[in-house]
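Accompanying notes for the structure given below.
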Amino acid sequence: MTDITATDFTTDFTTDFTTDLTAELTDRLIRYCAIDSQSDAASASKPSTAIQLDMQRLLVDELTGIGAQDVTLTDYGTVLATIPGNAPGPTIGFLAHVDTAPQFNATGVKPRVIRGYNGGAITFPDAPGLTLTPEEFPYLAQKTGDDIITASGDTLLGADDKAGVAILMTAARHLLANPDQPRPTLRLAFTPDEEIGRGVDSQLPADLGADFAYTFDGGKLGEIEFETFSADIAKVSIKGVSIHPGFANGKLVNAVHLAAKIVQTLPHVTLTPETTEGRDGFIHATDMNGGSSEMEITFILRDFERDGLAQKGALLEQVCATVAATEPRAEITCRIAPQYRNMRYWLEDDMTPVEFARDAVQAMGITPVSVPIRGGTDGSRLTEMGVPSPNLFTGMQNIHGPLEWISAQDMAVATALCLNIAARATG
Ligand SMILES: [Zn+2]
């Protein structure tokens, strides 16, 4: 892209402009993180927890207050809004998720700001002994002088993905306050339940109405992610033969032993999340429930390629069949269902959204980095459903635990990227 207007904006974005955004982003992040909006995989309701709606109602009020149009809280718990365009161009969607991860305590988050970080170890008031050090987390060393935001030690921070929310709200506020700043029509979506894989409702692509979209749910500066895992879930159920242990000789078939056999027969030193990295997939036993008469084991299967995923499913089925053959009186079934697919399958046919973001990042003097995500995003499902949606950086680090942190200056650059993408889209 060689559009002169866009280049001028780019210069603004990388200098004093981002400094001005930092205070607003910090204020928003602190306010949003203090609201508990944790999702819950065990809940069948939509959204999975009612507390996520506290966050959503706040966003509806704030979006209305800054003059966004079509502000809606849908019956599936997503907040949608429009920033009207002032120039032709594709309709671009920007997404962030409001839920925080169920893996760690998210109640009573007390965010704090370490202004002008001195490059040393960071300690936590509510967890003596817990330290965040640049030696252990080298990216922190690069952020000396920045404003670092963390929780207080006994909760996660929730920058995943309140940082994305703060970035989009700040960008929206800026665009609505500066109606001359060029942009096509922009659509905002704040989704619930991303962390439990239920962020994208079947209605969302139609309701969003975007040609393509970006999720702001990534990590380090420069990251543009367009490859996610492909994911299946498997439920293995084992029915034994139940009888009083006092009369069990030759009759009892213990489902616990058969479940253990299945887990034990699967490879442990390869093909597990704890023994793989990079582009290798895995079979992960996430939980096992039941008793001697009946057991159920849940596995998640992950791979970047369709073939690799199918092979993992076939291996699991083969192990189940092998164990079943050792005990014909037991009944062992293995049901495999798809969860999400690698967004690359669709994006490689048309890399425009990725190249668009890459150009915008490069124009800001930052080197774009694309590494495959060993997980999924709302964008995985959205892309599969027809809205190509790569994932962009926010700055968030050490997510889903008490050492989570983010630099306010990284968030400012991500906000500038959002504005830059909007400006360049009109070129
Ligand atoms: Zn996230």
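Just so we're on the same page: first chain in the structure tokens is A, next is B, and so on; residues restart at 1 for each chain, and ligands are numbered from 1 in the order they show up.
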Considering only C-alpha atoms, return as a ChimeraX atom specification whatever protein or nucleic-acid residues lie within 12 Å of His257 (chain A), sequence-local ones (same chain, fewer than 5 positions apart) excluded. /A:238-241,252,262-264,290-295,323-324,326-327,330
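Near ligand 1, at distances of 10 Å or less and with only C-alpha atoms and all ligand atoms counted, sit the residues Ala96, His97, Val98, Asp99, Thr100, Ala101, Gly158, Ala159, Asp160, Asp161, Lys162, Ala163, Gly164, Asp193, Glu194, Glu195, Thr215, Phe216, Asp217, Gly218, Gly219, Gly376, Thr377, Asp378, Asn391, Met396, Ile399 and His400 of chain A.
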Compare A:Gly119, A:Gly278, A:Pro192, A:Pro245 by their minimum atom-to-atom distance to Tyr139 (chain A), counting only C-alpha atoms, and give me the closest one. A:Gly119
Apply DSSP to the structure's backbone, then extract all residues of region 9-154 of chain A labelled alpha helix (DSSP H) and return them as JSON, numbers by chain. {"A": [9, 10, 11, 12, 13, 14, 16, 17, 18, 19, 20, 21, 22, 23, 24, 25, 26, 27, 28, 29, 30, 31, 32, 33, 51, 52, 53, 54, 55, 56, 57, 58, 59, 60, 61, 62, 63, 64, 65, 138, 139, 140, 141]}
I need the residues from that last selection saved to file as a PDB file, in the first residue's frame (with C-alpha atoms), if you can.
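Once written, part12.pdb looks like this:
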```
ATOM      1  CA  PHE A   9      -1.583   8.629   9.745  1.00  0.00           C
ATOM      2  CA  THR A  10       1.052   6.002  10.293  1.00  0.00           C
ATOM      3  CA  THR A  11       3.550   8.672  11.309  1.00  0.00           C
ATOM      4  CA  ASP A  12       1.063  10.048  13.829  1.00  0.00           C
ATOM      5  CA  PHE A  13       0.325   6.626  15.234  1.00  0.00           C
ATOM      6  CA  THR A  14       3.898   5.857  16.167  1.00  0.00           C
ATOM      7  CA  ASP A  16       2.947  11.363  20.426  1.00  0.00           C
ATOM      8  CA  PHE A  17      -0.388   9.934  19.432  1.00  0.00           C
ATOM      9  CA  THR A  18       0.102   6.612  21.201  1.00  0.00           C
ATOM     10  CA  THR A  19       1.306   8.415  24.333  1.00  0.00           C
ATOM     11  CA  ASP A  20      -2.035  10.219  24.500  1.00  0.00           C
ATOM     12  CA  LEU A  21      -3.905   6.919  24.281  1.00  0.00           C
ATOM     13  CA  THR A  22      -2.030   5.260  27.134  1.00  0.00           C
ATOM     14  CA  ALA A  23      -3.933   6.979  29.964  1.00  0.00           C
ATOM     15  CA  GLU A  24      -7.334   6.122  28.500  1.00  0.00           C
ATOM     16  CA  LEU A  25      -6.319   2.506  27.841  1.00  0.00           C
ATOM     17  CA  THR A  26      -4.955   2.098  31.368  1.00  0.00           C
ATOM     18  CA  ASP A  27      -8.128   3.533  32.891  1.00  0.00           C
ATOM     19  CA  ARG A  28     -10.344   1.290  30.747  1.00  0.00           C
ATOM     20  CA  LEU A  29      -8.313  -1.848  31.407  1.00  0.00           C
ATOM     21  CA  ILE A  30      -8.354  -1.303  35.184  1.00  0.00           C
ATOM     22  CA  ARG A  31     -12.107  -0.720  35.224  1.00  0.00           C
ATOM     23  CA  TYR A  32     -12.883  -3.694  32.965  1.00  0.00           C
ATOM     24  CA  CYS A  33     -10.521  -6.119  34.753  1.00  0.00           C
ATOM     25  CA  ILE A  51     -21.931 -11.998  35.402  1.00  0.00           C
ATOM     26  CA  GLN A  52     -20.699 -11.615  31.832  1.00  0.00           C
ATOM     27  CA  LEU A  53     -23.814  -9.554  31.211  1.00  0.00           C
ATOM     28  CA  ASP A  54     -22.621  -6.999  33.822  1.00  0.00           C
ATOM     29  CA  MET A  55     -19.682  -6.338  31.533  1.00  0.00           C
ATOM     30  CA  GLN A  56     -21.906  -6.321  28.441  1.00  0.00           C
ATOM     31  CA  ARG A  57     -24.377  -3.802  29.906  1.00  0.00           C
ATOM     32  CA  LEU A  58     -21.484  -1.507  30.812  1.00  0.00           C
ATOM     33  CA  LEU A  59     -20.229  -1.691  27.220  1.00  0.00           C
ATOM     34  CA  VAL A  60     -23.713  -0.937  25.861  1.00  0.00           C
ATOM     35  CA  ASP A  61     -23.818   2.202  28.049  1.00  0.00           C
ATOM     36  CA  GLU A  62     -20.307   3.274  27.097  1.00  0.00           C
ATOM     37  CA  LEU A  63     -20.818   2.641  23.367  1.00  0.00           C
ATOM     38  CA  THR A  64     -24.058   4.617  23.453  1.00  0.00           C
ATOM     39  CA  GLY A  65     -22.294   7.372  25.392  1.00  0.00           C
ATOM     40  CA  PRO A 138      12.398 -11.997  28.613  1.00  0.00           C
ATOM     41  CA  TYR A 139       9.630 -10.005  26.888  1.00  0.00           C
ATOM     42  CA  LEU A 140       9.251  -8.067  30.170  1.00  0.00           C
ATOM     43  CA  ALA A 141      12.884  -6.943  29.874  1.00  0.00           C
TER      44      ALA A 141
END
```
Let's see if you can do this: from backbone DSSP, list all strand (DSSP E or B) residues in region 131-358 of chain A, as a ChimeraX atom specification. /A:131-132,148-150,186-191,212-218,223-225,228,230-239,241,253,282-290,294-303,331-340
Have a look at A:Glu331, A:Gly313, A:Gln142, A:Lys110 and name the one nearest to Val253 (chain A); count only C-alpha atoms.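 The shortest atom-to-atom distance to Val253 (chain A) comes from A:Glu331.
Residue nearest Leu186 (chain A) within the list A:Gly89, A:Gly120, A:Pro205, A:Pro111: A:Gly89 [criterion: smallest interatomic distance, only C-alpha atoms].
With only C-alpha atoms as the atoms that count, the minimum distance from Gln362 (chain A) to the choices A:Ser202, A:Thr298, A:Asn420, A:Ser39 is reached by A:Asn420.
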Tell me which protein, DNA and RNA residues are within 10 Å of Ile83 (chain A), counting only C-alpha atoms, leaving out same-chain ones fewer than 2 positions away, and put them as a PyMOL selection string. chain A and resi 63+67-71+81+85-86+172-173+175-176+179+183-188
Of the residues A:Thr286, A:Asn398, A:Thr78, A:Thr131, which is the one nearest to Gly199 (chain A), using only C-alpha atoms?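 Smallest separation from Gly199 (chain A) among the options: A:Thr78.
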Contacts of region 299-304 of chain A at 7 Å or less, counting only C-alpha atoms, minus same-chain residues fewer than 2 places along, as a PDB file with N, CA and C atoms, in the first residue's frame?
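The file below, part.pdb, is the result:
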```pdb
ATOM      1  N   THR A 228      -4.580 -21.630  13.400  1.00  0.00           N
ATOM      2  CA  THR A 228      -4.939 -22.180  14.702  1.00  0.00           C
ATOM      3  C   THR A 228      -4.948 -23.696  14.561  1.00  0.00           C
ATOM      4  N   PHE A 229      -5.035 -24.380  15.681  1.00  0.00           N
ATOM      5  CA  PHE A 229      -5.231 -25.814  15.629  1.00  0.00           C
ATOM      6  C   PHE A 229      -6.540 -26.140  14.909  1.00  0.00           C
ATOM      7  N   SER A 230      -6.635 -27.364  14.408  1.00  0.00           N
ATOM      8  CA  SER A 230      -7.929 -27.974  14.133  1.00  0.00           C
ATOM      9  C   SER A 230      -8.220 -28.872  15.321  1.00  0.00           C
ATOM     10  N   ALA A 231      -9.476 -28.887  15.746  1.00  0.00           N
ATOM     11  CA  ALA A 231      -9.780 -29.490  17.044  1.00  0.00           C
ATOM     12  C   ALA A 231     -10.990 -30.399  16.997  1.00  0.00           C
ATOM     13  N   ASP A 232     -10.838 -31.587  17.579  1.00  0.00           N
ATOM     14  CA  ASP A 232     -11.951 -32.503  17.805  1.00  0.00           C
ATOM     15  C   ASP A 232     -12.028 -32.829  19.300  1.00  0.00           C
ATOM     16  N   ILE A 233     -13.197 -33.233  19.732  1.00  0.00           N
ATOM     17  CA  ILE A 233     -13.345 -33.726  21.107  1.00  0.00           C
ATOM     18  C   ILE A 233     -13.828 -35.177  21.022  1.00  0.00           C
ATOM     19  N   ALA A 234     -13.291 -36.033  21.898  1.00  0.00           N
ATOM     20  CA  ALA A 234     -13.695 -37.445  21.901  1.00  0.00           C
ATOM     21  C   ALA A 234     -14.217 -37.819  23.280  1.00  0.00           C
ATOM     22  N   LYS A 235     -15.334 -38.537  23.292  1.00  0.00           N
ATOM     23  CA  LYS A 235     -15.876 -39.070  24.544  1.00  0.00           C
ATOM     24  C   LYS A 235     -15.814 -40.595  24.443  1.00  0.00           C
ATOM     25  N   ARG A 279       4.613 -27.335  15.573  1.00  0.00           N
ATOM     26  CA  ARG A 279       3.534 -27.742  14.680  1.00  0.00           C
ATOM     27  C   ARG A 279       2.987 -29.135  14.983  1.00  0.00           C
ATOM     28  N   ASP A 280       3.461 -29.753  16.085  1.00  0.00           N
ATOM     29  CA  ASP A 280       2.988 -31.108  16.404  1.00  0.00           C
ATOM     30  C   ASP A 280       1.660 -31.069  17.151  1.00  0.00           C
ATOM     31  N   GLY A 281       0.786 -31.973  16.804  1.00  0.00           N
ATOM     32  CA  GLY A 281      -0.499 -32.075  17.477  1.00  0.00           C
ATOM     33  C   GLY A 281      -0.452 -33.040  18.649  1.00  0.00           C
ATOM     34  N   PHE A 282      -1.595 -33.247  19.295  1.00  0.00           N
ATOM     35  CA  PHE A 282      -1.611 -34.136  20.464  1.00  0.00           C
ATOM     36  C   PHE A 282      -2.986 -34.725  20.727  1.00  0.00           C
ATOM     37  N   ILE A 283      -2.963 -35.752  21.623  1.00  0.00           N
ATOM     38  CA  ILE A 283      -4.189 -36.309  22.209  1.00  0.00           C
ATOM     39  C   ILE A 283      -4.091 -36.025  23.707  1.00  0.00           C
ATOM     40  N   HIS A 284      -5.062 -35.315  24.244  1.00  0.00           N
ATOM     41  CA  HIS A 284      -4.975 -34.880  25.646  1.00  0.00           C
ATOM     42  C   HIS A 284      -6.181 -35.408  26.420  1.00  0.00           C
ATOM     43  N   ALA A 285      -5.910 -36.259  27.426  1.00  0.00           N
ATOM     44  CA  ALA A 285      -6.981 -36.739  28.311  1.00  0.00           C
ATOM     45  C   ALA A 285      -7.301 -35.610  29.280  1.00  0.00           C
ATOM     46  N   THR A 286      -8.461 -34.987  29.131  1.00  0.00           N
ATOM     47  CA  THR A 286      -8.766 -33.831  29.979  1.00  0.00           C
ATOM     48  C   THR A 286      -9.490 -34.226  31.251  1.00  0.00           C
ATOM     49  N   ILE A 297     -14.237 -41.093  29.626  1.00  0.00           N
ATOM     50  CA  ILE A 297     -12.984 -40.328  29.500  1.00  0.00           C
ATOM     51  C   ILE A 297     -13.182 -39.317  28.375  1.00  0.00           C
ATOM     52  N   ARG A 306      -5.560 -31.513   8.636  1.00  0.00           N
ATOM     53  CA  ARG A 306      -6.721 -32.424   8.668  1.00  0.00           C
ATOM     54  C   ARG A 306      -6.281 -33.877   8.817  1.00  0.00           C
ATOM     55  N   GLY A 308      -3.488 -35.119  10.048  1.00  0.00           N
ATOM     56  CA  GLY A 308      -2.925 -35.366  11.377  1.00  0.00           C
ATOM     57  C   GLY A 308      -4.025 -35.520  12.414  1.00  0.00           C
ATOM     58  N   LEU A 309      -5.067 -34.710  12.291  1.00  0.00           N
ATOM     59  CA  LEU A 309      -6.182 -34.791  13.240  1.00  0.00           C
ATOM     60  C   LEU A 309      -6.909 -36.118  13.067  1.00  0.00           C
ATOM     61  N   LYS A 312      -5.042 -38.944  14.609  1.00  0.00           N
ATOM     62  CA  LYS A 312      -5.145 -39.017  16.073  1.00  0.00           C
ATOM     63  C   LYS A 312      -6.472 -39.642  16.488  1.00  0.00           C
ATOM     64  N   ASN A 342      -8.569 -25.186  11.629  1.00  0.00           N
ATOM     65  CA  ASN A 342      -7.498 -24.231  11.341  1.00  0.00           C
ATOM     66  C   ASN A 342      -7.995 -23.174  10.352  1.00  0.00           C
TER      67      ASN A 342
END
```
Please report the interatomic distance between CA of Glu305 (chain A) and CA of Glu227 (chain A) in Å with one decimal. 10.3 Å
Which residues come within 8 Å of Ser152 (chain A), counting only C-alpha atoms, excluding same-chain residues fewer than 4 positions away, as a PyMOL selection string? chain A and resi 109-112+124-127+402
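From CA of Thr155 (chain A) back to CA of Leu95 (chain A), the distance works out to 24.7 Å.
Atom to atom, CA of Leu132 (chain A) and CA of Asp146 (chain A) stand 15.2 Å apart.
Distance check against Met351 (chain A) using only C-alpha atoms: of A:Pro128, A:Gly145, A:Pro390, A:Pro368, the minimum falls on A:Pro390.
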Can you tell me which residues surround Ser43 (chain A) at a distance of at most 12 Å, considering only C-alpha atoms, apart from same-chain residues fewer than 6 positions away, and format the answer as a VMD selection string? chain A and resid 49 to 50 102 193 196 198
Write out the residues from the selection above, keeping all heavy atoms, as a PDB file, in the first residue's frame.
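Contents of the output file selection-v3.pdb:
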```
ATOM      1  N   THR A  49     -22.337 -17.646  32.084  1.00  0.00           N
ATOM      2  CA  THR A  49     -22.481 -17.032  33.415  1.00  0.00           C
ATOM      3  C   THR A  49     -23.187 -15.689  33.253  1.00  0.00           C
ATOM      4  O   THR A  49     -22.900 -14.936  32.316  1.00  0.00           O
ATOM      5  CB  THR A  49     -21.108 -16.788  34.089  1.00  0.00           C
ATOM      6  OG1 THR A  49     -20.285 -16.017  33.188  1.00  0.00           O
ATOM      7  CG2 THR A  49     -20.402 -18.091  34.414  1.00  0.00           C
ATOM      8  N   ALA A  50     -24.089 -15.387  34.198  1.00  0.00           N
ATOM      9  CA  ALA A  50     -24.845 -14.127  34.131  1.00  0.00           C
ATOM     10  C   ALA A  50     -23.925 -12.929  34.371  1.00  0.00           C
ATOM     11  O   ALA A  50     -24.196 -11.829  33.886  1.00  0.00           O
ATOM     12  CB  ALA A  50     -25.978 -14.148  35.145  1.00  0.00           C
ATOM     13  N   PRO A 102     -11.639 -19.680  32.886  1.00  0.00           N
ATOM     14  CA  PRO A 102     -12.093 -20.399  34.090  1.00  0.00           C
ATOM     15  C   PRO A 102     -10.954 -21.081  34.856  1.00  0.00           C
ATOM     16  O   PRO A 102     -11.168 -21.568  35.954  1.00  0.00           O
ATOM     17  CB  PRO A 102     -13.053 -21.470  33.537  1.00  0.00           C
ATOM     18  CG  PRO A 102     -13.226 -21.192  32.090  1.00  0.00           C
ATOM     19  CD  PRO A 102     -12.071 -20.351  31.647  1.00  0.00           C
ATOM     20  N   ASP A 193     -17.923 -15.999  26.473  1.00  0.00           N
ATOM     21  CA  ASP A 193     -17.671 -17.454  26.396  1.00  0.00           C
ATOM     22  C   ASP A 193     -16.636 -17.908  25.363  1.00  0.00           C
ATOM     23  O   ASP A 193     -16.676 -19.058  24.921  1.00  0.00           O
ATOM     24  CB  ASP A 193     -19.009 -18.197  26.146  1.00  0.00           C
ATOM     25  CG  ASP A 193     -19.924 -18.126  27.362  1.00  0.00           C
ATOM     26  OD1 ASP A 193     -19.386 -17.998  28.483  1.00  0.00           O
ATOM     27  OD2 ASP A 193     -21.156 -18.197  27.204  1.00  0.00           O
ATOM     28  N   ILE A 196     -14.378 -20.825  26.678  1.00  0.00           N
ATOM     29  CA  ILE A 196     -14.930 -22.176  26.735  1.00  0.00           C
ATOM     30  C   ILE A 196     -15.385 -22.622  25.339  1.00  0.00           C
ATOM     31  O   ILE A 196     -16.156 -23.567  25.198  1.00  0.00           O
ATOM     32  CB  ILE A 196     -16.072 -22.285  27.768  1.00  0.00           C
ATOM     33  CG1 ILE A 196     -17.192 -21.283  27.482  1.00  0.00           C
ATOM     34  CG2 ILE A 196     -15.533 -22.062  29.174  1.00  0.00           C
ATOM     35  CD1 ILE A 196     -18.454 -21.530  28.304  1.00  0.00           C
ATOM     36  N   ARG A 198     -17.311 -21.199  23.114  1.00  0.00           N
ATOM     37  CA  ARG A 198     -18.696 -20.981  22.714  1.00  0.00           C
ATOM     38  C   ARG A 198     -18.955 -19.509  22.395  1.00  0.00           C
ATOM     39  O   ARG A 198     -20.062 -18.999  22.564  1.00  0.00           O
ATOM     40  CB  ARG A 198     -19.647 -21.460  23.834  1.00  0.00           C
ATOM     41  CG  ARG A 198     -19.735 -22.977  23.858  1.00  0.00           C
ATOM     42  CD  ARG A 198     -20.116 -23.610  25.189  1.00  0.00           C
ATOM     43  NE  ARG A 198     -21.129 -22.955  25.980  1.00  0.00           N
ATOM     44  CZ  ARG A 198     -21.463 -23.341  27.220  1.00  0.00           C
ATOM     45  NH1 ARG A 198     -20.874 -24.395  27.767  1.00  0.00           N
ATOM     46  NH2 ARG A 198     -22.373 -22.696  27.899  1.00  0.00           N
TER      47      ARG A 198
END
```
